[in-house]
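Okay, model.txt is below, compact mmCIF, C-alpha atoms:
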```txt
# COMPACT_ATOMS: atom_id res chain seq x y z
CA MET A 79 -61.28 20.54 -60.87
CA VAL A 80 -58.70 20.20 -58.19
CA HIS A 81 -58.23 17.00 -56.37
CA ILE A 82 -56.80 16.99 -52.91
CA PHE A 83 -55.09 13.78 -52.18
CA SER A 84 -55.48 12.50 -48.68
CA PRO A 85 -54.37 8.94 -48.17
CA LEU A 86 -56.51 8.50 -45.08
CA SER A 87 -59.72 9.93 -46.47
CA GLY A 88 -60.85 6.74 -48.12
CA ARG A 89 -59.87 4.49 -45.27
CA PRO A 90 -61.93 3.36 -42.36
CA LYS A 91 -61.89 5.49 -39.24
CA SER A 92 -60.04 2.90 -37.09
CA VAL A 93 -57.05 2.87 -39.47
CA ARG A 94 -56.93 6.67 -39.45
CA THR A 95 -56.97 6.69 -35.66
CA ALA A 96 -54.20 4.09 -35.43
CA VAL A 97 -51.97 5.97 -37.87
CA SER A 98 -52.57 9.27 -36.04
CA THR A 99 -51.80 7.63 -32.69
CA LEU A 100 -48.63 6.08 -34.06
CA THR A 101 -47.50 9.40 -35.52
CA LEU A 102 -48.16 11.16 -32.22
CA ALA A 103 -46.26 8.46 -30.27
CA MET A 104 -43.24 8.75 -32.55
CA THR A 105 -43.25 12.52 -32.24
CA LEU A 106 -43.36 12.29 -28.45
CA ALA A 107 -40.61 9.66 -28.42
CA LEU A 108 -38.33 11.80 -30.54
CA SER A 109 -39.02 14.90 -28.49
CA GLY A 110 -38.36 12.87 -25.29
CA CYS A 111 -34.90 11.94 -26.55
CA ALA A 112 -34.09 15.56 -27.20
CA SER A 113 -34.81 16.57 -23.61
CA VAL A 114 -32.04 14.68 -21.79
CA PRO A 115 -31.46 16.15 -18.32
CA PRO A 116 -28.10 17.80 -17.61
CA PRO A 117 -25.52 15.31 -16.26
CA ASP A 118 -24.86 17.22 -13.03
CA GLY A 119 -23.95 14.06 -11.09
CA ALA A 120 -21.37 12.97 -13.67
CA MET A 121 -19.90 16.46 -13.77
CA ASN A 122 -19.62 16.59 -9.98
CA GLN A 123 -17.94 13.16 -9.84
CA ALA A 124 -15.46 14.22 -12.51
CA GLN A 125 -14.67 17.42 -10.63
CA VAL A 126 -14.17 15.53 -7.33
CA GLN A 127 -11.82 13.04 -8.99
CA LEU A 128 -9.86 15.86 -10.64
CA GLN A 129 -9.34 17.52 -7.26
CA ALA A 130 -8.32 14.20 -5.69
CA ALA A 131 -5.77 13.70 -8.48
CA ARG A 132 -4.37 17.18 -7.90
CA ASP A 133 -4.17 16.52 -4.15
CA ALA A 134 -2.22 13.31 -4.85
CA ASP A 135 0.40 15.38 -6.74
CA ALA A 136 -0.63 14.02 -10.13
CA ALA A 137 0.79 17.21 -11.68
CA ASP A 138 4.25 15.98 -10.63
CA TYR A 139 3.89 12.21 -11.00
CA ALA A 140 1.27 11.76 -13.79
CA PRO A 141 1.01 15.05 -15.70
CA VAL A 142 -0.09 13.50 -19.01
CA ASP A 143 -3.06 11.66 -17.52
CA LEU A 144 -4.04 14.69 -15.45
CA GLY A 145 -3.88 16.82 -18.61
CA PHE A 146 -6.19 14.38 -20.43
CA ALA A 147 -8.65 14.53 -17.53
CA GLN A 148 -8.61 18.34 -17.41
CA ASN A 149 -9.08 18.63 -21.19
CA LYS A 150 -12.03 16.22 -21.20
CA PHE A 151 -13.60 18.03 -18.25
CA GLN A 152 -13.24 21.34 -20.11
CA GLN A 153 -14.90 19.77 -23.16
CA ALA A 154 -17.70 18.46 -20.94
CA GLN A 155 -18.25 21.96 -19.55
CA ASN A 156 -18.41 23.35 -23.10
CA ALA A 157 -20.93 20.66 -24.08
CA MET A 158 -23.04 21.55 -21.02
CA ALA A 159 -23.00 25.21 -22.07
CA SER A 160 -24.15 24.17 -25.56
CA ARG A 161 -26.88 21.97 -24.01
CA LYS A 162 -25.37 18.84 -25.55
CA TYR A 163 -26.04 16.81 -22.45
CA ASP A 164 -25.32 13.39 -23.95
CA ASP A 165 -21.87 14.54 -25.06
CA ALA A 166 -21.32 16.27 -21.71
CA ALA A 167 -22.17 13.07 -19.79
CA THR A 168 -19.80 10.98 -21.90
CA LEU A 169 -16.97 13.50 -21.61
CA ALA A 170 -17.51 13.85 -17.85
CA ASP A 171 -17.25 10.07 -17.42
CA GLU A 172 -14.05 10.02 -19.48
CA ALA A 173 -12.64 12.92 -17.44
CA ARG A 174 -13.48 11.06 -14.20
CA ALA A 175 -11.79 7.88 -15.44
CA ASP A 176 -8.67 9.79 -16.57
CA ALA A 177 -8.53 11.61 -13.22
CA GLU A 178 -8.78 8.30 -11.32
CA LEU A 179 -5.96 6.90 -13.44
CA ALA A 180 -3.81 9.99 -12.83
CA ARG A 181 -4.46 9.73 -9.09
CA ALA A 182 -3.56 6.03 -9.01
CA LYS A 183 -0.36 6.64 -10.98
CA ALA A 184 0.57 9.54 -8.70
CA ARG A 185 0.05 7.45 -5.57
CA LEU A 186 2.12 4.62 -7.05
CA ALA A 187 4.93 6.99 -8.03
CA ALA A 188 4.90 8.59 -4.57
CA ALA A 189 5.12 5.15 -2.95
CA ARG A 190 8.02 4.22 -5.22
CA ALA A 191 9.82 7.46 -4.35
CA GLN A 192 9.33 6.76 -0.65
CA ILE A 193 10.66 3.20 -1.06
CA GLN A 194 13.68 4.54 -2.95
CA SER A 195 14.33 7.07 -0.21
CA LYS A 196 14.14 4.39 2.50
CA THR A 197 16.43 2.09 0.49
CA THR A 198 19.00 4.86 0.13
CA ALA A 199 18.83 5.64 3.85
CA ASN A 200 19.28 1.93 4.70
CA ARG A 201 22.29 1.66 2.39
CA GLN A 202 23.88 4.72 4.03
CA LEU A 203 23.30 3.26 7.49
CA ARG A 204 24.90 -0.04 6.45
CA GLU A 205 27.92 1.81 5.10
CA GLN A 206 28.22 3.79 8.34
CA ILE A 207 28.00 0.60 10.42
CA GLU A 208 30.61 -1.16 8.28
CA GLN A 209 32.89 1.88 8.49
CA SER A 210 32.43 2.04 12.26
CA LEU A 211 33.25 -1.66 12.64
CA SER A 212 36.30 -1.27 10.42
CA ASP A 213 37.48 1.75 12.44
CA GLN A 214 36.95 -0.17 15.69
CA GLN A 215 38.97 -3.14 14.41
CA GLN A 216 41.80 -0.85 13.33
CA GLN A 217 41.75 0.91 16.70
CA ASP A 218 41.88 -2.43 18.55
CA GLN A 219 44.78 -3.59 16.40
CA SER A 220 46.70 -0.38 16.96
CA GLN A 221 46.15 -0.60 20.74
CA ASN A 222 47.30 -4.22 20.80
CA ALA A 223 50.37 -3.47 18.70
CA GLY A 224 52.02 -1.41 21.46
CA LEU A 225 51.39 -3.98 24.22
CA PRO A 226 53.56 -6.98 25.11
CA ALA A 227 52.32 -10.26 23.68
CA GLN A 228 50.95 -11.41 27.03
CA GLN A 229 48.77 -8.29 27.50
CA GLN A 230 47.24 -8.22 24.03
CA THR A 231 43.55 -9.00 24.10
CA GLN A 232 42.95 -12.21 22.29
CA ASP A 233 40.92 -15.33 22.74
CA MET A 234 42.01 -17.49 25.64
CA PRO A 235 44.39 -20.16 24.35
CA ALA A 236 43.66 -23.81 25.04
CA PRO A 237 45.75 -25.36 27.84
CA PRO A 238 48.53 -27.67 26.79
CA SER A 239 47.62 -31.34 26.76
CA SER A 240 50.17 -32.13 29.53
CA SER A 241 48.21 -30.05 32.05
CA LEU A 242 45.05 -31.99 31.36
CA THR A 243 46.56 -35.36 32.29
CA GLU A 244 48.16 -34.44 35.63
CA PRO A 245 46.24 -35.65 38.69
CA MET A 246 44.87 -33.05 41.08
CA PRO A 247 46.41 -32.90 44.56
CA GLU A 248 44.32 -34.11 47.50
CA GLY A 249 41.94 -31.50 48.89
CA GLN A 250 41.63 -29.51 45.68
CA GLY A 251 38.93 -29.86 43.09
CA PHE A 252 35.65 -31.65 43.58
CA GLN A 253 34.62 -33.19 46.90
CA THR A 254 33.56 -36.82 46.73
CA LEU A 255 31.05 -38.50 49.03
CA PRO A 256 31.97 -41.66 50.94
CA GLN A 257 30.86 -44.96 49.42
CA ASN A 258 28.81 -46.09 52.46
CA PRO A 259 26.68 -43.24 53.69
CA GLN A 260 25.66 -43.28 57.33
CA PRO A 261 21.93 -43.75 58.03
CA VAL A 262 19.91 -40.71 59.07
CA PRO A 263 18.09 -41.21 62.42
CA PRO A 264 14.24 -41.26 62.11
CA VAL A 265 12.34 -38.18 63.26
CA ASN A 266 9.48 -38.74 65.75
CA ARG A 267 6.29 -36.86 64.97
CA ASP A 268 2.97 -36.72 66.76
CA ASP A 269 -0.40 -37.05 65.07
CA GLN A 270 -0.63 -33.36 64.14
CA GLY A 271 2.60 -33.49 62.17
CA GLY A 272 4.69 -31.61 64.73
CA HIS A 273 7.88 -32.70 66.52
CA LEU A 274 7.86 -34.31 69.98
```

Render the structure in this file as structure tokens.
Amino acid sequence: MVHIFSPLSGRPKSVRTAVSTLTLAMTLALSGCASVPPPDGAMNQAQVQLQAARDADAADYAPVDLGFAQNKFQQAQNAMASRKYDDAATLADEARADAELARAKARLAAARAQIQSKTTANRQLREQIEQSLSDQQQQDQSQNAGLPAQQQTQDMPAPPSSSLTEPMPEGQGFQTLPQNPQPVPPVNRDDQGGHL
């Protein structure tokens, strides 16, 4: 005699239904996890950020970070081809982050290069101005060297103290008003404010 063992055969019908429902739910849950949709949005964002990093000259200013981003994006594309969508989404996010970092570093390096260029140009201008001033001073000195002492351009010397104490002759200098001014005659006006 052959016995077939069925654990649910001796149980009440409600327990068998509950166990069957639970088994079906777990099967559906596991099959739902396996059907993750392709991460097209994450792949597109990663690709846009990679192009933005290239446009910001990341190949010149941040080649290591750009290389990381490109490698991760390539791995994400391979995962998409293998239908490993979870891995592809993770790799695409990493590629996007690396591309953003490369772009930021490239923009920073470009700004630093521009600042350095402006600083160098300013230093050259200062040197030219100083040289021009020095040349002008030498030219003025050489022009003054050939002139008599009275014709050399210099600051005006202060007058000797004896010339400050001498009184000024009458009729020169400031005009003074008499001590008793003469009265001004009154002006007659009519009611409209005009003259008579």

(message) Need the shell around range 129-142 of chain A: protein/DNA/RNA residues with any atom at most 12 Å away, counting only C-alpha atoms. Skip same-chain ones fewer than 4 positions apart. Format as an NGL selection string?
(response) :A and (122-125 or 146-149 or 151 or 173-191)

(message) One number please: CA of Gly145 in chain A to CA of Ala159 in chain A, in Å, one decimal.
(response) 21.2 Å

Using only the atoms of range 212-225 of chain A listed in the file, plus 3 Å on each side, state the axis-aligned box centre and edge lengths in Å rounded to one decimal, as JSON.
```
{"center_x": 44.2, "center_y": -1.2, "center_z": 17.3, "size_x": 21.7, "size_y": 12.0, "size_z": 19.8}
```

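Among the candidates A:Ala120, A:Val114, A:Ala223, A:Leu144, the one nearest to Asp171 in chain A when counting all atoms listed in the file is A:Ala120.
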
(request) Provide the CA of Leu211 in chain A to CA of Ser195 in chain A distance in Å, to one decimal place. (result) 24.5 Å

(message) Can you pull out the residues contacting Pro116 in chain A? Cut-off 12 Å, using all atoms listed in the file, and skip same-chain residues under 6 positions away; I want them as number ranges by chain.
(response) A: 122, 154-155, 157-168, 170

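CA of Ser212 in chain A lies 22.5 Å from CA of Thr197 in chain A.
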